[in-house]
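Next up, input16.cif (mmCIF, C-alpha atoms):
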```cif
data_query
loop_
_atom_site.label_atom_id
_atom_site.label_comp_id
_atom_site.auth_asym_id
_atom_site.auth_seq_id
_atom_site.Cartn_x
_atom_site.Cartn_y
_atom_site.Cartn_z
CA MET A 12 21.91 6.28 6.50
CA SER A 13 20.26 5.92 3.12
CA LYS A 14 16.82 4.77 2.10
CA PHE A 15 16.53 1.32 0.58
CA VAL A 16 13.69 -0.35 -1.28
CA LEU A 17 13.40 -4.11 -0.81
CA SER A 18 10.92 -6.37 -2.54
CA VAL A 19 10.46 -9.59 -0.60
CA LEU A 20 8.48 -12.52 -1.96
CA VAL A 21 7.12 -14.74 0.81
CA GLU A 22 4.97 -17.81 1.25
CA ASN A 23 1.50 -16.67 2.18
CA LYS A 24 1.80 -18.25 5.61
CA PHE A 25 0.92 -17.35 9.01
CA GLY A 26 3.57 -15.53 11.04
CA VAL A 27 5.87 -14.58 8.17
CA LEU A 28 5.05 -10.88 8.48
CA ALA A 29 5.83 -10.94 12.20
CA ARG A 30 9.15 -12.69 11.52
CA VAL A 31 10.19 -10.19 8.85
CA ALA A 32 9.10 -7.19 10.95
CA GLY A 33 10.89 -8.69 13.95
CA LEU A 34 14.11 -9.05 12.02
CA PHE A 35 14.12 -5.36 11.13
CA SER A 36 13.17 -4.22 14.60
CA ALA A 37 15.81 -6.42 16.24
CA ARG A 38 18.37 -4.43 14.22
CA GLY A 39 16.87 -1.10 15.21
CA PHE A 40 15.76 -0.28 11.68
CA ASN A 41 12.89 2.08 11.30
CA ILE A 42 10.66 0.92 8.49
CA THR A 43 9.47 4.02 6.59
CA SER A 44 6.77 2.13 4.78
CA LEU A 45 5.63 -1.42 4.23
CA ALA A 46 3.10 -2.74 1.75
CA VAL A 47 2.04 -6.36 1.71
CA GLY A 48 -0.32 -7.68 -0.90
CA GLU A 49 -1.29 -10.79 -2.77
CA THR A 50 0.52 -11.70 -5.96
CA GLU A 51 -0.49 -13.64 -9.06
CA ASP A 52 0.03 -16.83 -7.07
CA PRO A 53 -2.45 -17.14 -4.16
CA ASP A 54 0.20 -19.00 -2.15
CA THR A 55 2.62 -16.06 -2.10
CA SER A 56 2.61 -12.43 -1.00
CA ARG A 57 4.99 -9.66 -1.90
CA MET A 58 6.25 -7.15 0.68
CA THR A 59 7.70 -3.86 -0.43
CA ILE A 60 9.76 -2.40 2.38
CA VAL A 61 11.29 1.08 2.46
CA VAL A 62 13.86 1.32 5.22
CA ALA A 63 16.46 3.85 6.33
CA ALA A 64 19.60 1.94 7.19
CA ASP A 65 23.34 1.72 7.11
CA GLU A 66 24.39 -0.11 3.93
CA LYS A 67 26.67 -2.66 5.62
CA ILE A 68 24.10 -3.70 8.19
CA LEU A 69 21.41 -3.86 5.51
CA GLU A 70 23.54 -6.40 3.62
CA GLN A 71 23.42 -8.62 6.72
CA VAL A 72 19.68 -8.19 7.04
CA LYS A 73 19.20 -9.19 3.41
CA LYS A 74 21.19 -12.36 4.08
CA GLN A 75 19.14 -13.11 7.18
CA LEU A 76 15.90 -12.45 5.31
CA ASN A 77 16.95 -15.00 2.72
CA LYS A 78 17.44 -17.54 5.51
CA LEU A 79 14.00 -16.96 7.09
CA ILE A 80 11.43 -19.69 6.73
CA ASP A 81 8.83 -18.78 4.10
CA VAL A 82 10.97 -16.10 2.45
CA ILE A 83 11.27 -17.08 -1.21
CA SER A 84 13.36 -14.23 -2.59
CA VAL A 85 14.76 -10.82 -1.69
CA GLN A 86 15.24 -8.18 -4.36
CA ASP A 87 17.02 -4.89 -3.66
CA LEU A 88 15.47 -2.31 -5.97
CA THR A 89 17.48 0.61 -4.62
CA GLU A 90 20.06 0.55 -7.35
CA GLY A 91 19.09 0.68 -11.00
CA GLU A 92 15.86 1.99 -12.45
CA HIS A 93 12.65 1.09 -10.75
CA ILE A 94 9.02 2.13 -11.02
CA GLY A 95 7.92 3.28 -7.57
CA ARG A 96 4.34 4.23 -6.83
CA GLU A 97 2.15 4.80 -3.83
CA LEU A 98 -1.46 5.64 -3.17
CA ILE A 99 -2.89 8.28 -0.85
CA LEU A 100 -6.36 9.17 0.39
CA ILE A 101 -6.71 12.65 1.90
CA LYS A 102 -9.83 13.84 3.67
CA VAL A 103 -9.99 17.63 3.40
CA LYS A 104 -12.24 20.09 5.27
CA ALA A 105 -14.99 21.45 3.02
CA PRO A 106 -17.53 23.19 5.26
CA ASP A 107 -19.58 24.81 2.48
CA THR A 108 -20.24 24.83 -1.26
CA LYS A 109 -17.85 27.69 -1.93
CA VAL A 110 -14.87 25.90 -0.39
CA ARG A 111 -15.92 22.64 -1.98
CA GLU A 112 -15.88 24.25 -5.43
CA LYS A 113 -12.46 25.73 -4.79
CA ILE A 114 -11.03 22.35 -3.80
CA VAL A 115 -12.60 20.65 -6.83
CA LYS A 116 -10.94 23.25 -9.08
CA VAL A 117 -7.55 22.80 -7.43
CA VAL A 118 -7.79 19.00 -7.61
CA ASP A 119 -8.81 19.20 -11.30
CA THR A 120 -5.40 20.73 -12.10
CA THR A 121 -3.75 17.49 -10.93
CA GLY A 122 -4.23 13.84 -11.83
CA ALA A 123 -6.05 13.31 -8.53
CA GLU A 124 -9.67 12.32 -8.16
CA ILE A 125 -12.41 13.16 -5.68
CA VAL A 126 -13.76 9.85 -4.40
CA ASP A 127 -16.09 10.90 -1.58
CA VAL A 128 -18.17 13.98 -0.93
CA GLY A 129 -19.47 14.59 2.57
CA LYS A 130 -21.36 17.51 4.06
CA LYS A 131 -18.21 18.88 5.65
CA SER A 132 -15.43 17.10 3.80
CA LEU A 133 -14.04 15.89 0.49
CA THR A 134 -11.82 12.84 0.05
CA VAL A 135 -9.15 12.99 -2.64
CA GLU A 136 -7.31 9.99 -4.12
CA GLU A 137 -4.00 10.13 -5.95
CA SER A 138 -1.33 7.66 -7.00
CA GLY A 139 2.17 8.50 -8.10
CA ASP A 140 5.75 8.79 -6.98
CA ASP A 141 6.89 10.61 -3.83
CA HIS A 142 6.93 14.00 -5.57
CA VAL A 143 3.39 13.75 -6.94
CA ILE A 144 2.03 12.73 -3.55
CA LYS A 145 3.93 15.45 -1.70
CA ALA A 146 2.76 18.12 -4.19
CA LEU A 147 -0.88 17.13 -3.74
CA VAL A 148 -0.62 17.22 0.06
CA GLU A 149 0.83 20.75 -0.11
CA LEU A 150 -1.90 21.82 -2.55
CA VAL A 151 -4.78 20.84 -0.28
CA ARG A 152 -3.08 21.64 3.04
CA PRO A 153 -4.41 25.25 3.18
CA TYR A 154 -8.00 23.92 3.32
CA GLY A 155 -7.28 21.81 6.38
CA ILE A 156 -6.38 18.13 6.29
CA LEU A 157 -8.63 15.92 8.43
CA GLU A 158 -7.03 12.56 7.70
CA ILE A 159 -4.35 11.00 5.53
CA VAL A 160 -3.91 7.31 4.71
CA ARG A 161 -1.03 6.15 2.52
CA THR A 162 -0.24 2.71 1.23
CA GLY A 163 3.52 2.94 1.33
CA LYS A 164 5.54 2.45 -1.82
CA ILE A 165 5.36 -0.52 -4.16
CA ALA A 166 8.05 -0.99 -6.78
CA LEU A 167 9.05 -3.03 -9.81
CA ARG A 168 12.31 -3.17 -11.74
CA SER A 169 12.02 -0.99 -14.87
CA ASP A 170 12.66 -2.74 -18.19
CA SER A 171 13.07 0.46 -20.21
CA GLU A 172 16.56 1.49 -21.29
CA MET B 5 -14.59 -16.21 9.29
CA SER B 6 -15.19 -12.78 7.77
CA LYS B 7 -12.83 -10.16 6.45
CA PHE B 8 -12.24 -7.11 8.60
CA VAL B 9 -10.63 -3.78 7.82
CA LEU B 10 -8.80 -2.13 10.70
CA SER B 11 -7.15 1.28 10.63
CA VAL B 12 -4.54 1.55 13.36
CA LEU B 13 -2.82 4.84 14.18
CA VAL B 14 0.59 4.30 15.81
CA GLU B 15 3.53 6.30 17.07
CA ASN B 16 6.20 6.24 14.40
CA LYS B 17 8.50 4.26 16.64
CA PHE B 18 10.78 1.48 16.26
CA GLY B 19 9.36 -1.98 16.86
CA VAL B 20 5.69 -1.08 16.76
CA LEU B 21 5.12 -2.89 13.47
CA ALA B 22 6.72 -6.04 14.86
CA ARG B 23 4.52 -5.84 17.97
CA VAL B 24 1.32 -5.39 15.96
CA ALA B 25 2.23 -8.17 13.51
CA GLY B 26 3.21 -10.39 16.43
CA LEU B 27 -0.15 -9.87 18.10
CA PHE B 28 -2.00 -11.07 15.00
CA SER B 29 0.29 -14.00 14.39
CA ALA B 30 0.09 -15.12 18.04
CA ARG B 31 -3.66 -15.49 17.48
CA GLY B 32 -3.19 -17.41 14.27
CA PHE B 33 -4.72 -14.68 12.11
CA ASN B 34 -3.68 -14.56 8.53
CA ILE B 35 -3.25 -10.96 7.46
CA THR B 36 -4.59 -10.62 3.90
CA SER B 37 -2.96 -7.27 3.38
CA LEU B 38 -1.16 -4.62 5.37
CA ALA B 39 -0.26 -1.11 4.34
CA VAL B 40 1.79 1.17 6.57
CA GLY B 41 2.51 4.74 5.59
CA GLU B 42 3.27 8.14 7.03
CA THR B 43 0.43 10.43 7.99
CA GLU B 44 0.09 14.20 8.16
CA ASP B 45 2.00 14.08 11.45
CA PRO B 46 5.61 12.86 10.97
CA ASP B 47 5.49 11.27 14.44
CA THR B 48 2.69 8.87 13.54
CA SER B 49 2.01 6.17 10.95
CA ARG B 50 -1.26 4.59 9.94
CA MET B 51 -1.59 0.85 9.34
CA THR B 52 -4.49 -0.49 7.33
CA ILE B 53 -4.90 -4.18 8.06
CA VAL B 54 -7.24 -6.56 6.25
CA VAL B 55 -7.63 -9.76 8.20
CA ALA B 56 -9.80 -12.86 8.00
CA ALA B 57 -10.94 -13.69 11.50
CA ASP B 58 -13.64 -14.87 13.79
CA GLU B 59 -15.58 -11.85 15.09
CA LYS B 60 -15.35 -12.70 18.78
CA ILE B 61 -11.61 -13.22 18.73
CA LEU B 62 -11.14 -10.09 16.66
CA GLU B 63 -12.86 -8.10 19.41
CA GLN B 64 -10.20 -9.35 21.83
CA VAL B 65 -7.43 -8.46 19.42
CA LYS B 66 -8.79 -4.93 19.05
CA LYS B 67 -8.72 -4.56 22.83
CA GLN B 68 -5.16 -5.86 22.99
CA LEU B 69 -4.09 -3.58 20.15
CA ASN B 70 -5.43 -0.62 22.12
CA LYS B 71 -3.27 -1.67 25.07
CA LEU B 72 -0.06 -1.96 23.04
CA ILE B 73 2.61 0.64 23.60
CA ASP B 74 2.67 3.18 20.76
CA VAL B 75 -0.79 2.32 19.49
CA ILE B 76 -2.79 5.57 19.52
CA SER B 77 -6.15 4.43 18.16
CA VAL B 78 -7.87 1.49 16.53
CA GLN B 79 -10.72 2.04 14.07
CA ASP B 80 -12.80 -0.82 12.71
CA LEU B 81 -13.94 0.22 9.24
CA THR B 82 -15.69 -3.04 8.46
CA GLU B 83 -19.15 -1.81 9.34
CA GLY B 84 -20.56 1.32 7.81
CA GLU B 85 -19.53 2.97 4.58
CA HIS B 86 -15.85 3.24 3.84
CA ILE B 87 -13.75 4.25 0.88
CA GLY B 88 -11.35 1.37 0.18
CA ARG B 89 -8.66 1.61 -2.45
CA GLU B 90 -5.53 -0.24 -3.44
CA LEU B 91 -2.81 0.14 -6.02
CA ILE B 92 -1.38 -2.49 -8.34
CA LEU B 93 1.56 -2.68 -10.72
CA ILE B 94 1.42 -5.49 -13.29
CA LYS B 95 4.31 -6.36 -15.58
CA VAL B 96 2.89 -8.01 -18.70
CA LYS B 97 4.73 -9.89 -21.45
CA ALA B 98 4.96 -7.82 -24.65
CA PRO B 99 7.47 -9.54 -26.92
CA ASP B 100 6.79 -7.46 -30.04
CA THR B 101 5.12 -4.30 -31.35
CA LYS B 102 1.95 -6.11 -32.37
CA VAL B 103 1.29 -7.49 -28.88
CA ARG B 104 2.34 -4.20 -27.34
CA GLU B 105 -0.28 -2.34 -29.39
CA LYS B 106 -2.94 -4.84 -28.42
CA ILE B 107 -2.20 -4.41 -24.73
CA VAL B 108 -2.18 -0.62 -25.03
CA LYS B 109 -5.64 -0.78 -26.64
CA VAL B 110 -6.99 -3.06 -23.95
CA VAL B 111 -5.57 -0.89 -21.16
CA ASP B 112 -7.03 2.24 -22.79
CA THR B 113 -10.53 0.86 -22.21
CA THR B 114 -9.89 0.99 -18.45
CA GLY B 115 -8.72 3.71 -16.09
CA ALA B 116 -5.31 2.07 -15.94
CA GLU B 117 -2.08 3.61 -17.18
CA ILE B 118 1.05 2.23 -18.80
CA VAL B 119 3.97 3.40 -16.70
CA ASP B 120 6.92 1.50 -18.15
CA VAL B 121 7.72 0.18 -21.61
CA GLY B 122 10.47 -2.39 -21.98
CA LYS B 123 11.64 -4.34 -25.00
CA LYS B 124 9.76 -7.45 -23.86
CA SER B 125 7.29 -6.09 -21.31
CA LEU B 126 4.82 -3.37 -20.37
CA THR B 127 4.04 -2.28 -16.82
CA VAL B 128 0.47 -1.23 -16.06
CA GLU B 129 -0.64 0.78 -13.02
CA GLU B 130 -4.16 0.94 -11.64
CA SER B 131 -5.84 2.06 -8.45
CA GLY B 132 -9.34 1.21 -7.36
CA ASP B 133 -11.42 -1.10 -5.26
CA ASP B 134 -11.12 -4.91 -5.26
CA HIS B 135 -13.37 -5.27 -8.29
CA VAL B 136 -11.47 -2.81 -10.47
CA ILE B 137 -8.16 -4.44 -9.63
CA LYS B 138 -9.48 -7.94 -10.22
CA ALA B 139 -11.01 -6.96 -13.57
CA LEU B 140 -7.73 -5.49 -14.80
CA VAL B 141 -5.76 -8.59 -13.80
CA GLU B 142 -8.19 -10.77 -15.76
CA LEU B 143 -8.00 -8.42 -18.75
CA VAL B 144 -4.21 -8.66 -19.11
CA ARG B 145 -3.83 -12.27 -17.95
CA PRO B 146 -4.09 -13.74 -21.49
CA TYR B 147 -0.90 -11.87 -22.49
CA GLY B 148 1.11 -13.43 -19.69
CA ILE B 149 1.72 -11.83 -16.31
CA LEU B 150 5.40 -11.56 -15.36
CA GLU B 151 5.02 -9.86 -12.00
CA ILE B 152 2.37 -8.35 -9.75
CA VAL B 153 2.90 -5.99 -6.81
CA ARG B 154 -0.03 -4.74 -4.78
CA THR B 155 -0.11 -2.24 -1.95
CA GLY B 156 -2.88 -3.80 0.04
CA LYS B 157 -5.99 -1.82 0.83
CA ILE B 158 -6.15 1.58 2.48
CA ALA B 159 -9.44 2.89 3.76
CA LEU B 160 -11.20 5.91 5.19
CA ARG B 161 -14.64 6.32 6.72
CA SER B 162 -17.00 7.76 4.11
CA ASP B 163 -18.77 11.02 5.02
CA SER B 164 -21.38 10.81 2.29
CA GLU B 165 -24.90 9.86 3.20
#
```

If you convert what's in this file into structure tokens, what do you get?
Amino acid sequence: MSKFVLSVLVENKFGVLARVAGLFSARGFNITSLAVGETEDPDTSRMTIVVAADEKILEQVKKQLNKLIDVISVQDLTEGEHIGRELILIKVKAPDTKVREKIVKVVDTTGAEIVDVGKKSLTVEESGDDHVIKALVELVRPYGILEIVRTGKIALRSDSE
Amino acid sequence: MSKFVLSVLVENKFGVLARVAGLFSARGFNITSLAVGETEDPDTSRMTIVVAADEKILEQVKKQLNKLIDVISVQDLTEGEHIGRELILIKVKAPDTKVREKIVKVVDTTGAEIVDVGKKSLTVEESGDDHVIKALVELVRPYGILEIVRTGKIALRSDSE
């Protein structure tokens, strides 16, 4: 089983997400991440799906996706160069000023940003590829992670040589 | 109809996404955005769902979500302060060096970053709230947008006063 990255352009219509999700679940595929957002055209949405699957069966799913009502196009970004990014928000324990200062220092060594300061917590935001995200999580883990929210990966074909 | 932000913690199990999406589509709700990613615990995922809905019916959906197998908790982040962020990748036309330099200058005035340089295009990455994302799209629109991918919003309860 390998991980695949699919970019699926769909009509922005009611029920299309349920149909796409249903197609994957009917095949027993576990979706690692899914991001659905608006595109330039208000009538369409783009889904970026990361899925662990057997290559042969995935080929069938891609064909079936193409046949679904409201699916406009299916792009497999797994092969070839692509730009893959995701976003994470991490709420970290920060019970006092001393700890808070320590976390701020640690976060300053990365590209991450502190986006919320509470009495007992700090919230850190970072975007990047899998490695960047994983590194940040490990960096703040010792302070105690209260909550993590991730967007899942979005991806575009790279045009660089 | 108002826009609601729900944060749904689920068991990382097969079919749960299809069940949640099915529940919304059965009610005729149009999901504006959906982001599903791993959390700190490899056995759970968190879905952030932005949905336009009638408040009364949404209350019923929240109850039904709570009853679904593999749904651990449902948080409504609509009321009260929350940190909401999303990520966007925009591929912009850049046919020659002159245009490329112009776009680089424009992007430099924002917090955005150029993450891919092709012979005929540039790819710009930005994270932020709705307003930041919208402003960037408008800023690069005159150059010609080739492709947009967005993650959809993720959100956390703010702890600041």

query = Of the candidates B:Leu72, B:Ile61, B:Val103, B:Met5, which one gets nearest to Ala25 (chain B) if we count only C-alpha atoms?
reply = B:Leu72

Spatial neighbours of region 127-134 of chain B, 6 Å, only C-alpha atoms, chain gap at least 2 places, as a PDB file with C-alpha atoms, keeping the file's coordinate frame:
```pdb
ATOM      1  CA  GLY B  88     -11.350   1.370   0.180  1.00  0.00           C
ATOM      2  CA  ARG B  89      -8.660   1.610  -2.450  1.00  0.00           C
ATOM      3  CA  GLU B  90      -5.530  -0.240  -3.440  1.00  0.00           C
ATOM      4  CA  LEU B  91      -2.810   0.140  -6.020  1.00  0.00           C
ATOM      5  CA  ILE B  92      -1.380  -2.490  -8.340  1.00  0.00           C
ATOM      6  CA  LEU B  93       1.560  -2.680 -10.720  1.00  0.00           C
ATOM      7  CA  ILE B  94       1.420  -5.490 -13.290  1.00  0.00           C
ATOM      8  CA  LYS B  95       4.310  -6.360 -15.580  1.00  0.00           C
ATOM      9  CA  ALA B 116      -5.310   2.070 -15.940  1.00  0.00           C
ATOM     10  CA  GLU B 117      -2.080   3.610 -17.180  1.00  0.00           C
ATOM     11  CA  ILE B 118       1.050   2.230 -18.800  1.00  0.00           C
ATOM     12  CA  VAL B 119       3.970   3.400 -16.700  1.00  0.00           C
ATOM     13  CA  ASP B 120       6.920   1.500 -18.150  1.00  0.00           C
ATOM     14  CA  VAL B 136     -11.470  -2.810 -10.470  1.00  0.00           C
ATOM     15  CA  ILE B 137      -8.160  -4.440  -9.630  1.00  0.00           C
TER      16      ILE B 137
END
```

Give the superposed chain A as a compact mmCIF listing (two decimals) with C-alpha atoms, in the coordinates of the input, the fit being least squares on chain B over all ordered C-alpha pairs.
```
# COMPACT_ATOMS: atom_id res chain seq x y z
CA MET A 12 -14.59 -16.20 9.28
CA SER A 13 -15.20 -12.78 7.80
CA LYS A 14 -12.85 -10.16 6.47
CA PHE A 15 -12.26 -7.11 8.63
CA VAL A 16 -10.65 -3.78 7.84
CA LEU A 17 -8.80 -2.13 10.73
CA SER A 18 -7.16 1.27 10.64
CA VAL A 19 -4.54 1.57 13.36
CA LEU A 20 -2.82 4.84 14.18
CA VAL A 21 0.58 4.30 15.80
CA GLU A 22 3.52 6.30 17.07
CA ASN A 23 6.19 6.25 14.40
CA LYS A 24 8.51 4.26 16.64
CA PHE A 25 10.79 1.47 16.25
CA GLY A 26 9.36 -2.00 16.85
CA VAL A 27 5.68 -1.08 16.74
CA LEU A 28 5.12 -2.91 13.45
CA ALA A 29 6.71 -6.06 14.85
CA ARG A 30 4.52 -5.84 17.96
CA VAL A 31 1.32 -5.41 15.96
CA ALA A 32 2.24 -8.18 13.50
CA GLY A 33 3.20 -10.41 16.43
CA LEU A 34 -0.14 -9.88 18.10
CA PHE A 35 -2.00 -11.07 15.01
CA SER A 36 0.28 -14.02 14.41
CA ALA A 37 0.09 -15.13 18.04
CA ARG A 38 -3.67 -15.50 17.48
CA GLY A 39 -3.21 -17.42 14.25
CA PHE A 40 -4.72 -14.68 12.12
CA ASN A 41 -3.69 -14.55 8.53
CA ILE A 42 -3.26 -10.95 7.47
CA THR A 43 -4.60 -10.62 3.91
CA SER A 44 -2.98 -7.26 3.39
CA LEU A 45 -1.18 -4.61 5.37
CA ALA A 46 -0.28 -1.09 4.34
CA VAL A 47 1.79 1.17 6.55
CA GLY A 48 2.49 4.73 5.59
CA GLU A 49 3.25 8.13 7.01
CA THR A 50 0.42 10.43 7.99
CA GLU A 51 0.07 14.20 8.17
CA ASP A 52 1.99 14.08 11.44
CA PRO A 53 5.60 12.87 10.96
CA ASP A 54 5.49 11.28 14.43
CA THR A 55 2.68 8.87 13.54
CA SER A 56 2.01 6.17 10.96
CA ARG A 57 -1.26 4.60 9.95
CA MET A 58 -1.60 0.85 9.34
CA THR A 59 -4.50 -0.48 7.34
CA ILE A 60 -4.92 -4.17 8.07
CA VAL A 61 -7.25 -6.56 6.25
CA VAL A 62 -7.63 -9.76 8.21
CA ALA A 63 -9.81 -12.86 8.00
CA ALA A 64 -10.93 -13.70 11.51
CA ASP A 65 -13.64 -14.88 13.82
CA GLU A 66 -15.57 -11.84 15.08
CA LYS A 67 -15.35 -12.69 18.79
CA ILE A 68 -11.61 -13.24 18.75
CA LEU A 69 -11.12 -10.09 16.67
CA GLU A 70 -12.85 -8.09 19.43
CA GLN A 71 -10.18 -9.34 21.84
CA VAL A 72 -7.41 -8.45 19.43
CA LYS A 73 -8.78 -4.93 19.06
CA LYS A 74 -8.71 -4.56 22.84
CA GLN A 75 -5.15 -5.86 22.99
CA LEU A 76 -4.09 -3.56 20.16
CA ASN A 77 -5.43 -0.62 22.13
CA LYS A 78 -3.26 -1.69 25.07
CA LEU A 79 -0.04 -1.97 23.02
CA ILE A 80 2.62 0.63 23.58
CA ASP A 81 2.69 3.17 20.74
CA VAL A 82 -0.80 2.31 19.48
CA ILE A 83 -2.78 5.56 19.53
CA SER A 84 -6.14 4.43 18.18
CA VAL A 85 -7.88 1.49 16.54
CA GLN A 86 -10.72 2.05 14.11
CA ASP A 87 -12.82 -0.81 12.73
CA LEU A 88 -13.94 0.24 9.26
CA THR A 89 -15.70 -3.03 8.47
CA GLU A 90 -19.14 -1.80 9.34
CA GLY A 91 -20.58 1.33 7.80
CA GLU A 92 -19.52 2.97 4.56
CA HIS A 93 -15.86 3.26 3.83
CA ILE A 94 -13.73 4.26 0.86
CA GLY A 95 -11.36 1.38 0.16
CA ARG A 96 -8.65 1.61 -2.46
CA GLU A 97 -5.52 -0.23 -3.44
CA LEU A 98 -2.80 0.14 -6.02
CA ILE A 99 -1.37 -2.50 -8.34
CA LEU A 100 1.56 -2.66 -10.73
CA ILE A 101 1.43 -5.49 -13.29
CA LYS A 102 4.30 -6.35 -15.58
CA VAL A 103 2.89 -8.01 -18.70
CA LYS A 104 4.73 -9.90 -21.47
CA ALA A 105 4.96 -7.84 -24.66
CA PRO A 106 7.48 -9.56 -26.94
CA ASP A 107 6.79 -7.47 -30.05
CA THR A 108 5.11 -4.32 -31.35
CA LYS A 109 1.94 -6.12 -32.37
CA VAL A 110 1.29 -7.49 -28.89
CA ARG A 111 2.33 -4.21 -27.33
CA GLU A 112 -0.27 -2.35 -29.40
CA LYS A 113 -2.95 -4.84 -28.43
CA ILE A 114 -2.20 -4.41 -24.73
CA VAL A 115 -2.18 -0.61 -25.04
CA LYS A 116 -5.63 -0.78 -26.66
CA VAL A 117 -7.01 -3.07 -23.95
CA VAL A 118 -5.56 -0.90 -21.17
CA ASP A 119 -7.01 2.24 -22.80
CA THR A 120 -10.52 0.85 -22.23
CA THR A 121 -9.88 0.99 -18.47
CA GLY A 122 -8.73 3.73 -16.11
CA ALA A 123 -5.30 2.08 -15.95
CA GLU A 124 -2.08 3.61 -17.17
CA ILE A 125 1.05 2.24 -18.80
CA VAL A 126 3.98 3.41 -16.69
CA ASP A 127 6.93 1.52 -18.16
CA VAL A 128 7.71 0.20 -21.61
CA GLY A 129 10.46 -2.38 -21.99
CA LYS A 130 11.65 -4.34 -25.00
CA LYS A 131 9.76 -7.42 -23.87
CA SER A 132 7.30 -6.08 -21.32
CA LEU A 133 4.81 -3.38 -20.38
CA THR A 134 4.04 -2.29 -16.83
CA VAL A 135 0.48 -1.23 -16.06
CA GLU A 136 -0.64 0.78 -13.01
CA GLU A 137 -4.17 0.94 -11.66
CA SER A 138 -5.84 2.05 -8.45
CA GLY A 139 -9.34 1.21 -7.35
CA ASP A 140 -11.42 -1.10 -5.25
CA ASP A 141 -11.10 -4.90 -5.25
CA HIS A 142 -13.36 -5.28 -8.29
CA VAL A 143 -11.46 -2.81 -10.47
CA ILE A 144 -8.15 -4.44 -9.63
CA LYS A 145 -9.46 -7.96 -10.22
CA ALA A 146 -11.00 -6.95 -13.58
CA LEU A 147 -7.72 -5.48 -14.79
CA VAL A 148 -5.75 -8.58 -13.79
CA GLU A 149 -8.19 -10.77 -15.76
CA LEU A 150 -7.98 -8.43 -18.75
CA VAL A 151 -4.21 -8.66 -19.10
CA ARG A 152 -3.83 -12.27 -17.94
CA PRO A 153 -4.08 -13.74 -21.49
CA TYR A 154 -0.89 -11.87 -22.49
CA GLY A 155 1.11 -13.44 -19.68
CA ILE A 156 1.73 -11.83 -16.31
CA LEU A 157 5.41 -11.56 -15.37
CA GLU A 158 5.04 -9.85 -12.00
CA ILE A 159 2.39 -8.34 -9.76
CA VAL A 160 2.93 -5.98 -6.82
CA ARG A 161 -0.02 -4.72 -4.79
CA THR A 162 -0.10 -2.25 -1.96
CA GLY A 163 -2.88 -3.81 0.05
CA LYS A 164 -6.00 -1.83 0.83
CA ILE A 165 -6.14 1.58 2.48
CA ALA A 166 -9.45 2.89 3.76
CA LEU A 167 -11.19 5.93 5.20
CA ARG A 168 -14.64 6.32 6.72
CA SER A 169 -17.02 7.76 4.09
CA ASP A 170 -18.77 11.01 5.03
CA SER A 171 -21.39 10.81 2.27
CA GLU A 172 -24.94 9.87 3.22
```

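If you measure from each of B:Ile35, B:Leu143, B:Val14, B:Val96 to chain A using all atoms listed in the file, the closest one turns out to be B:Ile35.
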
request  = Hey, list the chain B side of the contact with chain A: 6 Å cut-off, all atoms listed in the file, answer as number ranges by chain.
outcome  = B: 18-19, 22, 25-26, 29, 34, 37-41, 43, 121-122, 152, 154-156, 163-164

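Between CA of Ile76 (chain B) and CA of Leu10 (chain B) lies a distance of 13.2 Å.
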
ask   = What does the distance from CA of Thr120 (chain A) to CA of Val108 (chain B) come to in Å, to one decimal?
value = 25.2 Å

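Pairwise distance (CA of Phe8 (chain B), CA of Ala105 (chain A)) equals 29.2 Å.
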
ask   = Neighbours of Thr89 (chain A) within 7 Å (all atoms listed in the file; same-chain residues fewer than 2 positions away dropped), as a ChimeraX atom specification?
value = /A:15-16,87,91

Prev. selection, C-alpha atoms, output as a tab-separated table (two decimals), in the frame of the given file:
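Contents of the output file part03.tsv:
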```
chain	number	residue	atom	x	y	z
A	15	PHE	CA	16.53	1.32	0.58
A	16	VAL	CA	13.69	-0.35	-1.28
A	87	ASP	CA	17.02	-4.89	-3.66
A	91	GLY	CA	19.09	0.68	-11.00
```
